[in-house]
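Asker: Shown below is the structure under consideration.
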Amino acid sequence: MWWDPPTIAGSRIGHGRSQLNQTPPPDPHDPQHPQHPHDPARTPPLWKAPQPAEPALVGPRCSGWLSWAVILLAVASVIIGQVLLTIASTGGQISPDDEAATAAMLELQCKVVFAAELLSPGAGTMQLADINQYAITPGLTRRLAALNASLPTTPESEARQRNIEQALGLLAGNTNEEEEPTELDALVHQAILGETPLDTAQVEMLDRELGWFGQVLTTRDLPPTSPDRRAIEGKAMMFMGAIVVLLIVGGLAGLAGLVLLIIGLVNRYSGSLVLHRGPVQARGGVYLQAFAVYLGLYLIVTQGVLMLLGATGLLDRIGLSIETVGMTGLVIASVVAVVWPILRGVPGAMARSDLGLHRGRGILTEIGCGIIGYFSILPIFGMGVIATLILGFIMQYVLQATGQVDPNAPPQIISHPVLVWISQGGFGVRLGVLLLAACFAPFFEEIMFRGALFADLRRRMSFIPAALLMALIFAAIHPQGIVAVPALASLAFGFAILREWRGSLIAPMVAHALHNGTLVMVMIIAFM
């Protein structure tokens, strides 16, 4: 079975009676084997490439170049698209999908501002100037105007009047004098002034079009003890509490992880830490081919199909959404890529050994190492987050200095499509996102990146350059944008450390699932 650790360097051979008394071939996983990688004395340092094993599969010479051509083409297409989106979004040109993602991220920020104002009057008001920079489209402007006019202040206070004037200024600044205001604009204006009561249909329209922002606006003048008002305040306070708990727990886990990381490095270079990653047995670039198939089918073929269906209008006619086609393409690409080595003739046991699809030193042991390992890589991830923040400021400065964007344009918001699904979907959609992020993605992404791609790179080079190259590719193809590359790459680098340490993919899968699941659960709490 796939979770059983391989016993010999190859597929199971000879099940007949005549072979029962034969001496089995040397087991490379046996500590007595001369090439056994578990012996600390025989484990090469991180800066030295591993000793190659005997070739088990030889492919055409052009296969490696062709695989890299597909990989680089896929990565380049994603990077170019993200750069164009960055320039367009910072210049105020946002597509409907990008506007929905920005609105979802703004809702999270605004809930923090709202909760801060509840806890300490005036604390939220101080943050409005920074948030109001994102009033660059009519939809975002209406939401921010509703928030400005609805911060928890007393109706007669100067702060309330000042906030209302600021909200009306946002609406006026985003209205074209040559065009008549829309019905929704007029309704938001009426609700902000609060001079004319809203009927049930108008309240439902604001709630439907503006979501949480509309609910904040329509409950602004209700008594503090009103159930509707308390529900709005409760949502904001719940999200604030989740953020505080996450920061405290994450900070403590990061400190513990830093200690564990230092201990691990000391033990590694002293020779007492055993690395369980065995040599890659299958050759010919078959695992690089599998990774190229994965990226090619998903990023090239799937996106090409989406462009064709969108251009011809077939997508709407057959009733399919972009998300459905994209997820179908991702599933097909993942499954085909996983079985690709076997289709190319690699024995199943050998493929599982090379990819790390075995139970290692025991399933429970590997799960525990994945949890401890995740804590250990949190400091690395923290450095990546800091680098992402610095890169964001640098990119904003360069784009403004070169005239690509308006000097007054707000910084780009890092978002992810699943955030829109969580914010707009019901229970079924949110459960699906949780399963996607905490089960599907960790399983297949670890097989492809820390399994196939890292196995091929590690066969050719030492750990650090192999892990860095794999991590950069991992980060570049994610939809968070160029700014998020350092944070995502640091996380991928940490997962590679777990792969190198344990040999089995169970530990990096567990760490990956723990990271994604925690973030998704916080987002679900935010949009409850």
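The way I read the labels, and the way they are meant: chains A, B, ... in the order of the structure tokens, residue 1 as the first residue of every chain, and ligand 1 as the first ligand shown, with later ones counted on from there.
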If we count only C-alpha atoms and set the cut-off at 8 Å, which residues sit around Met105 (chain A), ignoring sequence neighbours fewer than 6 positions away in its own chain? Please answer as a ChimeraX atom specification.

Answerer: /A:413,415,419

Asker: Please produce an output containing all heavy atoms for each residue in the selection, written as a compact mmCIF listing (two decimals), in the first residue's frame.

Answerer:
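The resulting file, selection06.txt, is shown below:
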# COMPACT_ATOMS: atom_id res chain seq x y z
N ILE A 413 -3.30 45.59 -2.05
CA ILE A 413 -3.78 44.66 -1.03
C ILE A 413 -3.50 43.24 -1.50
O ILE A 413 -3.86 42.87 -2.62
CB ILE A 413 -5.28 44.85 -0.76
CG1 ILE A 413 -5.51 46.18 -0.02
CG2 ILE A 413 -5.83 43.70 0.05
CD1 ILE A 413 -6.95 46.43 0.34
N SER A 415 -4.32 39.53 -1.64
CA SER A 415 -5.54 38.77 -1.43
C SER A 415 -5.43 37.42 -2.13
O SER A 415 -4.44 37.12 -2.80
CB SER A 415 -6.76 39.55 -1.96
OG SER A 415 -7.95 38.87 -1.68
N LEU A 419 -10.65 33.89 -0.53
CA LEU A 419 -11.21 34.86 0.40
C LEU A 419 -12.57 35.34 -0.09
O LEU A 419 -13.49 35.55 0.71
CB LEU A 419 -10.25 36.04 0.57
CG LEU A 419 -10.59 37.07 1.64
CD1 LEU A 419 -10.62 36.42 3.01
CD2 LEU A 419 -9.59 38.21 1.62

Asker: So that I can check the secondary structure, give me every residue of region 306-393 of chain A assigned alpha helix (DSSP H) by backbone DSSP, as a VMD selection string.

Answerer: chain A and resid 306 to 312 314 to 317 322 to 343 348 to 355 363 to 393

Asker: From the options A:Ala455, A:Leu210, A:Leu288, A:Ile232, which residue's atoms come nearest to Trp340 (chain A), counting only C-alpha atoms?

Answerer: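 Checking each candidate against Trp340 (chain A), we get A:Leu288 as the closest.
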
Asker: Determine, using only C-alpha atoms, which residues of region 383-460 of chain A have any atom at most 9 Å from an atom of region 344-357 of chain A, and tabulate each with its shortest atom pair and distance in Å to one decimal place, rows ordered by chain and then rising number, as a Markdown table.

Answerer:
| residue | atom | partner | partner_atom | distance |
| --- | --- | --- | --- | --- |
| A:Ile447 | CA | A:Leu355 | CA | 6.5 |
| A:Met448 | CA | A:Leu355 | CA | 8.5 |
| A:Arg450 | CA | A:Leu355 | CA | 7.9 |
| A:Gly451 | CA | A:Leu355 | CA | 4.4 |
| A:Ala452 | CA | A:Leu355 | CA | 5.9 |
| A:Phe454 | CA | A:Leu355 | CA | 8.9 |
| A:Ala455 | CA | A:Asp354 | CA | 6.8 |

Asker: With only C-alpha atoms as the atoms that count, which of A:Ile371, A:Leu255, A:Leu151, A:Leu297 lies nearest to Gly122 (chain A)?

Answerer: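 Using only C-alpha atoms, the shortest distance to Gly122 (chain A) belongs to A:Leu151.
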
Asker: Using only C-alpha atoms, tabulate the residues of region 456-514 of chain A lying at most 7 Å from any atom of region 377-383 of chain A, each with its closest atom pair and that distance in Å to one decimal, by chain and increasing residue number, as a tab-separated table.

Answerer:
residue	atom	partner	partner_atom	distance
A:Ala487	CA	A:Phe381	CA	6.1
A:Ser490	CA	A:Phe381	CA	5.2
A:Leu491	CA	A:Phe381	CA	5.3
A:Gly494	CA	A:Ile377	CA	5.2

Asker: Output the selection as a short mmCIF file (atom, residue, chain, number, x, y, z; two decimals), in the first residue's frame - C-alpha atoms for each residue.

Answerer:
data_model
loop_
_atom_site.label_atom_id
_atom_site.label_comp_id
_atom_site.auth_asym_id
_atom_site.auth_seq_id
_atom_site.Cartn_x
_atom_site.Cartn_y
_atom_site.Cartn_z
CA ALA A 487 6.41 35.04 2.49
CA SER A 490 9.92 31.11 3.08
CA LEU A 491 7.04 28.79 3.90
CA GLY A 494 10.49 25.42 5.59
#

Asker: Extract, using only C-alpha atoms, all DNA, RNA and protein residues at most 7 Å from region 497-510 of chain A, discarding same-chain residues fewer than 5 positions from it, and format them as JSON, numbers by chain.

Answerer: {"A": [275, 276, 277, 278, 356, 357, 358, 359, 360, 366, 367, 369, 370, 371, 373, 442, 443, 446, 450]}

Asker: Using only C-alpha atoms, which residues sit within 7 Å of region 471-483 of chain A once same-chain residues fewer than 2 positions away are excluded, as JSON, numbers by chain?

Answerer: {"A": [75, 78, 79, 82, 388, 391, 392, 414, 415, 416, 467, 468, 469, 485, 488, 489, 492, 493]}

Asker: Check the smallest atom-to-atom distance from each of A:Val520, A:Leu457, A:Val112, A:Ile332 to Val280 (chain A) using only C-alpha atoms, then report the winner.

Answerer: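 Ranked by minimum distance to Val280 (chain A), first place goes to A:Leu457.
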
Asker: Here is a test: counting only C-alpha atoms, which residue of A:Val203, A:Ala149, A:Ile131, A:Leu435 is nearest to Glu107 (chain A)?

Answerer: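 When distances to Glu107 (chain A) are compared using only C-alpha atoms, the smallest one comes from A:Ile131.
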